[in-house]
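Undergrad: Dropping in upload_22.tsv, which is TSV, C-alpha atoms and all ligand atoms:
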chain	number	residue	atom	x	y	z
A	4	MET	CA	23.33	53.57	23.76
A	5	PRO	CA	19.84	52.78	22.50
A	6	ILE	CA	19.10	53.31	18.83
A	7	GLU	CA	16.69	56.17	18.32
A	8	SER	CA	13.42	54.78	17.05
A	9	LYS	CA	10.07	55.99	15.86
A	10	ASP	CA	8.55	52.87	17.36
A	11	GLN	CA	5.95	54.16	19.77
A	12	ASN	CA	3.80	51.06	19.93
A	13	PRO	CA	5.30	47.61	20.57
A	14	MET	CA	2.10	46.05	19.19
A	15	THR	CA	2.69	47.42	15.70
A	16	PRO	CA	3.52	44.49	13.42
A	17	TYR	CA	6.53	44.56	11.13
A	18	GLN	CA	5.49	46.74	8.20
A	19	LEU	CA	7.75	45.57	5.34
A	20	PRO	CA	7.47	42.53	3.07
A	21	PHE	CA	9.61	39.50	3.91
A	22	PRO	CA	12.53	38.81	1.58
A	23	GLY	CA	11.24	37.54	-1.74
A	24	GLU	CA	13.45	34.46	-1.57
A	25	ALA	CA	12.34	33.47	1.93
A	26	LEU	CA	10.52	30.15	2.29
A	27	ASP	CA	7.11	29.78	3.91
A	28	GLU	CA	6.87	28.85	7.55
A	29	ILE	CA	5.50	25.45	8.58
A	30	VAL	CA	2.77	25.34	11.19
A	31	ILE	CA	1.34	21.97	12.17
A	32	ALA	CA	-1.57	22.20	14.58
A	33	ASP	CA	-1.70	18.45	15.26
A	34	ALA	CA	1.98	17.59	15.43
A	35	ILE	CA	1.03	14.42	17.31
A	36	PRO	CA	-1.72	13.49	14.87
A	37	GLU	CA	-5.13	11.92	15.44
A	38	ASP	CA	-4.99	10.51	11.92
A	39	GLU	CA	-2.95	7.32	12.08
A	40	ARG	CA	-2.21	7.58	8.36
A	41	LEU	CA	0.26	10.41	9.00
A	42	TRP	CA	2.68	8.00	10.72
A	43	VAL	CA	5.05	6.56	8.15
A	44	PRO	CA	5.99	2.97	9.05
A	45	GLN	CA	9.65	1.98	9.12
A	46	THR	CA	9.25	-1.47	10.65
A	47	ASP	CA	6.42	-3.31	12.43
A	48	THR	CA	7.11	-1.35	15.60
A	49	VAL	CA	8.82	1.87	14.44
A	50	SER	CA	7.24	4.77	12.56
A	51	PHE	CA	7.88	8.47	12.09
A	52	ARG	CA	5.77	11.57	11.62
A	53	PRO	CA	7.47	14.19	9.40
A	54	LEU	CA	7.44	17.82	10.56
A	55	CYS	CA	10.14	19.51	8.46
A	56	LEU	CA	12.05	17.69	5.75
A	57	ASN	CA	14.76	20.19	5.01
A	58	ARG	CA	16.26	19.23	1.67
A	59	SER	CA	18.01	22.61	1.30
A	60	GLN	CA	20.11	22.08	4.45
A	61	GLY	CA	20.05	18.30	4.63
A	62	TYR	CA	18.27	17.61	7.91
A	63	TRP	CA	14.90	16.40	9.08
A	64	MET	CA	12.68	17.07	12.08
A	65	ASN	CA	10.33	14.28	12.98
A	66	LEU	CA	8.52	12.46	15.72
A	67	LEU	CA	9.83	8.94	16.15
A	68	ARG	CA	7.28	6.51	17.55
A	69	VAL	CA	8.16	3.06	18.82
A	70	ARG	CA	5.61	0.57	20.10
A	71	GLN	CA	5.83	-2.86	21.69
A	72	SER	CA	9.41	-2.74	22.90
A	73	GLY	CA	10.78	-2.01	19.46
A	74	ILE	CA	14.33	-1.34	18.34
A	75	LEU	CA	15.76	1.27	16.01
A	76	SER	CA	18.63	-0.48	14.26
A	77	ARG	CA	22.25	0.27	15.10
A	78	HIS	CA	23.42	3.40	13.30
A	79	ARG	CA	26.18	5.97	13.15
A	80	HIS	CA	25.76	9.77	13.10
A	81	PRO	CA	28.45	11.82	11.33
A	82	GLN	CA	26.50	14.94	12.33
A	83	PRO	CA	24.67	15.96	15.50
A	84	VAL	CA	21.17	14.96	16.57
A	85	HIS	CA	18.91	16.71	19.06
A	86	GLY	CA	16.06	14.86	20.75
A	87	PHE	CA	13.26	15.68	23.18
A	88	VAL	CA	11.22	12.85	24.67
A	89	LEU	CA	7.48	13.52	24.54
A	90	LYS	CA	6.22	10.16	25.77
A	91	GLY	CA	7.60	6.93	27.21
A	92	SER	CA	11.29	6.18	27.62
A	93	TRP	CA	14.19	4.59	25.80
A	94	HIS	CA	17.88	3.90	26.06
A	95	TYR	CA	20.84	3.01	23.90
A	96	LEU	CA	22.59	-0.33	24.18
A	97	GLU	CA	25.83	1.65	24.06
A	98	HIS	CA	25.11	3.98	27.02
A	99	ASP	CA	23.96	3.50	30.61
A	100	TRP	CA	21.53	6.44	30.81
A	101	VAL	CA	17.77	6.42	30.16
A	102	ALA	CA	15.89	9.12	28.25
A	103	ARG	CA	12.47	9.67	29.83
A	104	GLU	CA	9.46	11.83	29.11
A	105	GLY	CA	10.72	15.41	29.33
A	106	SER	CA	14.37	14.51	28.67
A	107	TYR	CA	16.54	16.37	26.17
A	108	VAL	CA	19.33	14.45	24.43
A	109	PHE	CA	22.25	15.70	22.32
A	110	GLU	CA	23.89	13.03	20.19
A	111	ALA	CA	27.37	14.14	19.21
A	112	PRO	CA	28.90	13.46	15.79
A	113	GLY	CA	30.69	10.10	15.90
A	114	GLU	CA	27.99	8.34	17.94
A	115	THR	CA	27.00	4.83	16.92
A	116	HIS	CA	24.06	3.43	18.87
A	117	THR	CA	21.01	1.17	18.98
A	118	LEU	CA	17.78	2.63	20.37
A	119	VAL	CA	15.74	0.27	22.54
A	120	VAL	CA	12.31	0.83	24.07
A	121	PRO	CA	11.86	-1.39	27.15
A	122	ASP	CA	9.09	-3.98	27.58
A	123	ASP	CA	7.14	-1.91	30.08
A	124	VAL	CA	6.68	1.04	27.68
A	125	ASP	CA	3.66	0.66	25.38
A	126	GLU	CA	4.50	3.67	23.28
A	127	MET	CA	7.48	6.01	22.98
A	128	ILE	CA	7.39	9.30	21.06
A	129	THR	CA	10.50	11.47	20.69
A	130	TYR	CA	10.98	14.66	18.71
A	131	PHE	CA	14.28	14.33	16.82
A	132	GLN	CA	16.26	16.66	14.66
A	133	VAL	CA	18.61	14.54	12.57
A	134	ASN	CA	21.32	16.20	10.49
A	135	GLY	CA	22.82	14.76	7.36
A	136	VAL	CA	22.59	11.01	7.39
A	137	MET	CA	22.00	7.98	9.57
A	138	ILE	CA	24.38	5.20	8.54
A	139	TYR	CA	23.15	1.73	9.47
A	140	VAL	CA	26.04	-0.50	10.48
A	141	ASP	CA	26.85	-3.95	11.79
A	142	PRO	CA	28.45	-4.24	15.26
A	143	TYR	CA	31.87	-3.57	13.73
A	144	GLY	CA	30.90	-0.54	11.69
A	145	SER	CA	30.43	-2.11	8.27
A	146	VAL	CA	27.84	-0.09	6.41
A	147	GLN	CA	24.50	-1.84	5.87
A	148	GLY	CA	22.50	1.11	4.56
A	149	TYR	CA	21.62	4.72	5.20
A	150	GLU	CA	18.82	7.25	5.53
A	151	ASP	CA	18.90	10.93	4.65
A	152	VAL	CA	16.30	13.63	4.06
A	153	PHE	CA	15.78	12.34	0.53
A	154	THR	CA	15.09	8.73	1.52
A	155	LYS	CA	12.73	10.12	4.19
A	156	ILE	CA	10.85	12.17	1.58
A	157	ASP	CA	10.64	9.09	-0.67
A	158	MET	CA	9.24	6.96	2.17
A	159	CYS	CA	6.62	9.60	2.89
A	160	ARG	CA	5.59	9.86	-0.75
A	161	LYS	CA	5.12	6.11	-1.08
A	162	HIS	CA	3.26	5.78	2.21
A	163	TYR	CA	0.96	8.78	1.69
A	164	ALA	CA	0.09	7.50	-1.79
A	165	ASP	CA	-0.63	4.03	-0.34
A	166	VAL	CA	-2.98	5.36	2.37
A	167	GLY	CA	-4.90	7.62	-0.02
A	168	LEU	CA	-3.55	11.02	1.04
A	169	GLY	CA	-1.62	11.31	-2.22
A	170	GLU	CA	2.14	11.46	-2.69
A	171	ASP	CA	1.98	15.28	-2.77
A	172	TYR	CA	0.84	15.30	0.86
A	173	VAL	CA	4.47	15.33	1.98
A	174	ASP	CA	5.23	18.56	0.10
A	175	GLN	CA	3.87	20.70	2.95
A	176	PHE	CA	6.74	19.45	5.15
A	177	VAL	CA	9.53	20.00	2.60
A	178	ARG	CA	11.70	23.13	2.59
A	201	FE	FE	20.57	7.99	16.61
Could I get this file's structure written as structure tokens?
TA:
Amino acid sequence: MPIESKDQNPMTPYQLPFPGEALDEIVIADAIPEDERLWVPQTDTVSFRPLCLNRSQGYWMNLLRVRQSGILSRHRHPQPVHGFVLKGSWHYLEHDWVAREGSYVFEAPGETHTLVVPDDVDEMITYFQVNGVMIYVDPYGSVQGYEDVFTKIDMCRKHYADVGLGEDYVDQFVR
């Protein structure tokens, strides 16, 4: 049974204030940026563009860009990852499928994989949500290093200071 409502006009905006503790939204008009400085380099061929660095829940949303048949080093995910391919294609050495432009990928907790962009792809861009931590490992699982939302924020601060945007530039992406 429908709730009785005084709402006569569906175009009336919500009339009350948002909760005082609520965080601001993030709106990025140029998510795939014109300004090359917004890409934070990880290696010679791999860089990322931060969108939401969520320190309060321990995840990050970013665009991963790989050029010139690059590789994202072997890593383990204790928590899930969601990806949507915006440009190019890639595959994992550990799986026989290929993620292409328009593909959605769910990486289940427990995955360990090595992301490879093939020779015939000039540029790959994928939107990834990464939860928790990426643990870099050798082929037998020995830990070589890690990344989490805090190392990502640190990388952004250093890079944005280096390119003249200022280390505070990253703050707009942090929640
Ligand atoms: Fe991964």
Undergrad: Report as a tab-separated table the residues of chain A within 12 Å of ligand FE 201 (chain A), each with its shortest atom pair and distance in Å (one decimal), using all atoms listed in the file, ordered by chain and increasing residue number.
TA:
residue	atom	partner	partner_atom	distance
A:Leu67	CA	A:FE201	FE	10.8
A:Ile74	CA	A:FE201	FE	11.4
A:Leu75	CA	A:FE201	FE	8.3
A:Ser76	CA	A:FE201	FE	9.0
A:Arg77	CA	A:FE201	FE	8.0
A:His78	CA	A:FE201	FE	6.3
A:Arg79	CA	A:FE201	FE	6.9
A:His80	CA	A:FE201	FE	6.5
A:Pro81	CA	A:FE201	FE	10.2
A:Gln82	CA	A:FE201	FE	10.1
A:Pro83	CA	A:FE201	FE	9.0
A:Val84	CA	A:FE201	FE	7.0
A:His85	CA	A:FE201	FE	9.2
A:Gly86	CA	A:FE201	FE	9.2
A:Trp93	CA	A:FE201	FE	11.7
A:His94	CA	A:FE201	FE	10.6
A:Tyr95	CA	A:FE201	FE	8.8
A:Leu96	CA	A:FE201	FE	11.4
A:Glu97	CA	A:FE201	FE	11.1
A:Val108	CA	A:FE201	FE	10.2
A:Phe109	CA	A:FE201	FE	9.7
A:Glu110	CA	A:FE201	FE	7.0
A:Ala111	CA	A:FE201	FE	9.5
A:Pro112	CA	A:FE201	FE	10.0
A:Gly113	CA	A:FE201	FE	10.4
A:Glu114	CA	A:FE201	FE	7.5
A:Thr115	CA	A:FE201	FE	7.2
A:His116	CA	A:FE201	FE	6.2
A:Thr117	CA	A:FE201	FE	7.2
A:Leu118	CA	A:FE201	FE	7.1
A:Val119	CA	A:FE201	FE	10.9
A:Thr129	CA	A:FE201	FE	11.4
A:Tyr130	CA	A:FE201	FE	11.9
A:Phe131	CA	A:FE201	FE	8.9
A:Gln132	CA	A:FE201	FE	9.9
A:Val133	CA	A:FE201	FE	7.9
A:Asn134	CA	A:FE201	FE	10.3
A:Gly135	CA	A:FE201	FE	11.7
A:Val136	CA	A:FE201	FE	9.9
A:Met137	CA	A:FE201	FE	7.2
A:Ile138	CA	A:FE201	FE	9.4
A:Tyr139	CA	A:FE201	FE	9.8
A:Val140	CA	A:FE201	FE	11.8
A:Tyr149	CA	A:FE201	FE	11.9
A:Glu150	CA	A:FE201	FE	11.2
Undergrad: Just the residues within 7 Å of range 39-55 of chain A, please, counting all atoms listed in the file, with nothing from its chain fewer than 2 positions along; format it as a short mmCIF file (atom, residue, chain, number, x, y, z; two decimals) with C-alpha atoms, in the frame of the given file.
TA:
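Produced file result21.cif, reproduced below:
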data_model
loop_
_atom_site.label_atom_id
_atom_site.label_comp_id
_atom_site.auth_asym_id
_atom_site.auth_seq_id
_atom_site.Cartn_x
_atom_site.Cartn_y
_atom_site.Cartn_z
CA PRO A 36 -1.72 13.49 14.87
CA GLU A 37 -5.13 11.92 15.44
CA ASN A 57 14.76 20.19 5.01
CA TRP A 63 14.90 16.40 9.08
CA MET A 64 12.68 17.07 12.08
CA ASN A 65 10.33 14.28 12.98
CA LEU A 66 8.52 12.46 15.72
CA LEU A 67 9.83 8.94 16.15
CA ARG A 68 7.28 6.51 17.55
CA VAL A 69 8.16 3.06 18.82
CA ARG A 70 5.61 0.57 20.10
CA GLN A 71 5.83 -2.86 21.69
CA GLY A 73 10.78 -2.01 19.46
CA CYS A 159 6.62 9.60 2.89
CA HIS A 162 3.26 5.78 2.21
CA VAL A 166 -2.98 5.36 2.37
CA PHE A 176 6.74 19.45 5.15
CA VAL A 177 9.53 20.00 2.60
#
Undergrad: If you measure from CA of Gly105 in chain A to CA of Phe87 in chain A, what distance in Å do you get, rounded to one decimal?
TA: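 It comes out at 6.7 Å.
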Undergrad: Could you check how far CA of Tyr62 in chain A sits from CA of Pro20 in chain A, in Å to one decimal?
TA: 27.6 Å
Undergrad: At what distance in Å, to one decimal, does CA of Gly61 in chain A lie from CA of Asp141 in chain A?
TA: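 According to the coordinates, CA of Asp141 in chain A and CA of Gly61 in chain A are separated by 24.3 Å.
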Undergrad: Give me the residues within 9 Å of Asp174 in chain A as a list in words, counting only C-alpha atoms and dropping any in the same chain fewer than 3 places off.
TA: Leu56, Ile156, Arg160, Glu170, Asp171, Val177 and Arg178 of chain A
Undergrad: Taking only C-alpha atoms into account, name the residue in A:Ser72, A:Gly169, A:Lys155, A:Pro16 that is nearest to Asp122 in chain A.
TA: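 Of the candidates, the smallest distance to Asp122 in chain A is held by A:Ser72.
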Undergrad: Which residue out of A:Ala25, A:Ile128, A:Gln60, A:Ile31 has the minimum interatomic distance to Leu89 in chain A when all atoms listed in the file are used?
TA: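 Smallest distance to Leu89 in chain A is found for A:Ile128.
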Undergrad: Which is closest to Val88 in chain A among A:Ala164, A:Met14, A:Met127, A:Val120, if we use all atoms listed in the file?
TA: A:Met127
